[in-house]
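Data first, discussion second: the structure below is written as structure tokens.
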Amino acid sequence: MRLERAFFERSPVTQIARELIGMVLCTEIEGQLTKGRIVETEAYAAVGDRACHAHLGRFTRRTRTMYEAGGTAYIYLCYGIHHLFNVAVNQKGVPDAVLIRGVEPLHGVETMLERRGMVKAERRLTAGPGVLSQAMGLTTAFNGHDLCTPGSQIRIEDDGVSAQLQDAIETGPRVGIDYAGEDALLPWRYWLSGSKWKSPAK
DNA sequence: CACGGGATCGTCT
DNA sequence: GACGATCCCGTGT
């Protein structure tokens, strides 16, 4: 079942990031249905988190999407090359977000391979925030897309697996945010223990 | 597997 | 004008 607004419009964001492990990210882009089980996430908090793009109420053309209602896609370009997919959470006006960092391919593998220019479904197909976005057709063109509108091209589904995996989640510091000072130490990265599809980043 | 460097451009200072 | 919530490829072990 599609996750509804009520799932995303909660706090704390760390809890949502944890519960998203095991959920199924689905896209229907250019007529191609792809699905991947979320195995790695990171939480970014509006308050008390220097790593968050919108910390201290920072409001710019880029971050404005984070202030939208929970369940809105926040997609931005990183390093000029990679499209990173996040979901805004919490009430409209509170810019919390969860970054999706790794998925296990479930459906539409041929489409994913084609988009990635690969012939075999090895780890680098969808393990990592930039590569999973490419595999699933997610680009900044979908920034601001509402995941909760029936018929939307992007949605997250609960097939009952997530709840069974909550005891198999590990946590650690987030990746690539040294600029955040001591907030870089917060253990706000979550992953499914032992998953092959976790991003290789340390 | 570890590492080092280059790619590439929107965003903010 | 500087810098990324990254990835890939080459080289070395």
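By order in the structure tokens, chains are A, B, ...; within a chain, residues start at 1; ligands start at 1, following the order shown.
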
Residues of region 1-166 of chain A in alpha helix (DSSP H), written as a VMD selection string: chain A and resid 5 to 8 13 to 19 109 to 116 129 to 135 161 to 165

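Excluding DC3 (chain B) itself and any same-chain residue fewer than 4 positions from it, the protein and nucleic acid residues within 12 Å of it, counting only C-alpha atoms (C1' of nucleotides), are DC9, DG10, DT11, DG12 and DT13 of chain C.
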
Those same residues - all heavy atoms - I'd like them written as a short mmCIF file (atom, residue, chain, number, x, y, z; two decimals), in the first residue's frame.
data_model
loop_
_atom_site.label_atom_id
_atom_site.label_comp_id
_atom_site.auth_asym_id
_atom_site.auth_seq_id
_atom_site.Cartn_x
_atom_site.Cartn_y
_atom_site.Cartn_z
P DC C 9 33.88 3.54 -15.17
OP1 DC C 9 33.20 3.40 -16.47
OP2 DC C 9 33.82 2.43 -14.19
"O5'" DC C 9 35.41 3.88 -15.42
"C5'" DC C 9 35.80 5.21 -15.77
"C4'" DC C 9 37.25 5.39 -15.41
"O4'" DC C 9 37.35 5.73 -14.00
"C3'" DC C 9 38.09 4.13 -15.62
"O3'" DC C 9 39.27 4.47 -16.32
"C2'" DC C 9 38.40 3.66 -14.21
"C1'" DC C 9 38.39 4.96 -13.43
N1 DC C 9 38.12 4.81 -11.99
C2 DC C 9 38.83 5.58 -11.07
O2 DC C 9 39.67 6.38 -11.49
N3 DC C 9 38.59 5.42 -9.76
C4 DC C 9 37.67 4.55 -9.33
N4 DC C 9 37.47 4.44 -8.03
C5 DC C 9 36.93 3.74 -10.24
C6 DC C 9 37.18 3.90 -11.56
P DG C 10 40.12 3.26 -17.04
OP1 DG C 10 40.12 3.57 -18.48
OP2 DG C 10 39.68 1.94 -16.55
"O5'" DG C 10 41.57 3.54 -16.46
"C5'" DG C 10 42.10 4.86 -16.49
"C4'" DG C 10 43.14 4.99 -15.39
"O4'" DG C 10 42.46 4.97 -14.12
"C3'" DG C 10 44.15 3.85 -15.38
"O3'" DG C 10 45.45 4.37 -15.59
"C2'" DG C 10 44.04 3.22 -14.00
"C1'" DG C 10 43.23 4.21 -13.20
N9 DG C 10 42.30 3.58 -12.28
C8 DG C 10 41.26 2.74 -12.58
N7 DG C 10 40.60 2.35 -11.53
C5 DG C 10 41.24 2.96 -10.47
C6 DG C 10 40.96 2.91 -9.07
O6 DG C 10 40.07 2.29 -8.48
N1 DG C 10 41.85 3.69 -8.35
C2 DG C 10 42.87 4.42 -8.89
N2 DG C 10 43.63 5.10 -8.04
N3 DG C 10 43.14 4.48 -10.18
C4 DG C 10 42.28 3.73 -10.91
P DT C 11 46.67 3.27 -15.81
OP1 DT C 11 47.66 3.96 -16.65
OP2 DT C 11 46.13 1.95 -16.20
"O5'" DT C 11 47.27 3.15 -14.33
"C5'" DT C 11 47.70 4.31 -13.63
"C4'" DT C 11 48.00 3.96 -12.19
"O4'" DT C 11 46.76 3.61 -11.52
"C3'" DT C 11 48.92 2.73 -12.04
"O3'" DT C 11 50.11 3.11 -11.36
"C2'" DT C 11 48.12 1.74 -11.21
"C1'" DT C 11 47.05 2.61 -10.57
N1 DT C 11 45.80 1.87 -10.27
C2 DT C 11 45.36 1.81 -8.97
O2 DT C 11 45.95 2.35 -8.04
N3 DT C 11 44.21 1.10 -8.78
C4 DT C 11 43.48 0.45 -9.75
O4 DT C 11 42.46 -0.17 -9.45
C5 DT C 11 43.99 0.53 -11.09
C7 DT C 11 43.29 -0.14 -12.21
C6 DT C 11 45.12 1.23 -11.29
P DG C 12 51.33 2.01 -11.22
OP1 DG C 12 52.57 2.78 -11.23
OP2 DG C 12 51.13 0.89 -12.16
"O5'" DG C 12 51.08 1.45 -9.74
"C5'" DG C 12 51.08 2.37 -8.65
"C4'" DG C 12 50.72 1.62 -7.38
"O4'" DG C 12 49.32 1.22 -7.44
"C3'" DG C 12 51.53 0.33 -7.19
"O3'" DG C 12 52.00 0.23 -5.86
"C2'" DG C 12 50.50 -0.78 -7.48
"C1'" DG C 12 49.22 -0.12 -7.01
N9 DG C 12 48.03 -0.72 -7.60
C8 DG C 12 47.79 -0.96 -8.93
N7 DG C 12 46.62 -1.53 -9.15
C5 DG C 12 46.08 -1.68 -7.89
C6 DG C 12 44.84 -2.23 -7.48
O6 DG C 12 43.96 -2.72 -8.18
N1 DG C 12 44.68 -2.18 -6.10
C2 DG C 12 45.59 -1.66 -5.22
N2 DG C 12 45.28 -1.70 -3.93
N3 DG C 12 46.75 -1.14 -5.59
C4 DG C 12 46.92 -1.18 -6.92
P DT C 13 53.11 -0.95 -5.46
OP1 DT C 13 54.15 -0.31 -4.62
OP2 DT C 13 53.50 -1.69 -6.67
"O5'" DT C 13 52.24 -1.91 -4.55
"C5'" DT C 13 51.51 -1.37 -3.45
"C4'" DT C 13 50.63 -2.47 -2.84
"O4'" DT C 13 49.47 -2.69 -3.66
"C3'" DT C 13 51.34 -3.82 -2.74
"O3'" DT C 13 51.27 -4.32 -1.42
"C2'" DT C 13 50.56 -4.75 -3.67
"C1'" DT C 13 49.18 -4.08 -3.68
N1 DT C 13 48.38 -4.40 -4.88
C2 DT C 13 47.08 -4.84 -4.71
O2 DT C 13 46.57 -4.98 -3.64
N3 DT C 13 46.43 -5.13 -5.89
C4 DT C 13 46.91 -5.01 -7.17
O4 DT C 13 46.23 -5.30 -8.12
C5 DT C 13 48.28 -4.53 -7.27
C7 DT C 13 48.91 -4.38 -8.60
C6 DT C 13 48.94 -4.25 -6.14
#

Interface, chain A side, toward chain C (9 Å; only C-alpha atoms (C1' of nucleotides)) as a PyMOL selection string: chain A and resi 42+51-53+78-82+84+99+128-131+174-177

Give me, as JSON lines, each residue of chain B that comes within 9 Å of chain A, together with its shortest interatomic pair and the distance in Å at one decimal, counting only C-alpha atoms (C1' of nucleotides), with rows ordered by chain and rising residue number.
{"residue": "B:DA7", "atom": "C1'", "partner": "A:Ile81", "partner_atom": "CA", "distance": 8.0}
{"residue": "B:DT8", "atom": "C1'", "partner": "A:Gly80", "partner_atom": "CA", "distance": 4.7}
{"residue": "B:DC9", "atom": "C1'", "partner": "A:Gly80", "partner_atom": "CA", "distance": 4.3}
{"residue": "B:DG10", "atom": "C1'", "partner": "A:Gly80", "partner_atom": "CA", "distance": 6.9}
{"residue": "B:DT11", "atom": "C1'", "partner": "A:Arg62", "partner_atom": "CA", "distance": 7.4}
{"residue": "B:DC12", "atom": "C1'", "partner": "A:Thr60", "partner_atom": "CA", "distance": 8.6}

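Omitting Glu40 (chain A) and its sequence neighbours fewer than 4 positions away, and counting only C-alpha atoms (C1' of nucleotides), the residues within 7 Å are Ile21, Ile100, Arg101, Gly102, Val103, Tyr190, Trp191, Leu192 and Lys198 of chain A.
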
Expected answer as JSON, numbers by chain: strand (DSSP E) residues in chain A: {"A": [24, 25, 26, 27, 28, 29, 32, 33, 34, 35, 36, 37, 38, 39, 40, 41, 42, 43, 44, 72, 73, 74, 75, 76, 77, 78, 82, 83, 84, 85, 86, 87, 88, 89, 96, 97, 98, 99, 100, 101, 102, 103, 104, 105, 106, 107, 154, 155, 156, 157, 169, 170, 171, 172, 189, 190, 191, 192]}

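Interatomic distance, C1' of DT13 (chain B) to CA of Val98 (chain A): 26.7 Å.
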
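CA of Gly172 (chain A) is positioned 25.7 Å from CA of Gly57 (chain A).
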
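Our summary of the geometry notes that CA of Asp183 (chain A) is positioned 15.6 Å from CA of Ala97 (chain A).
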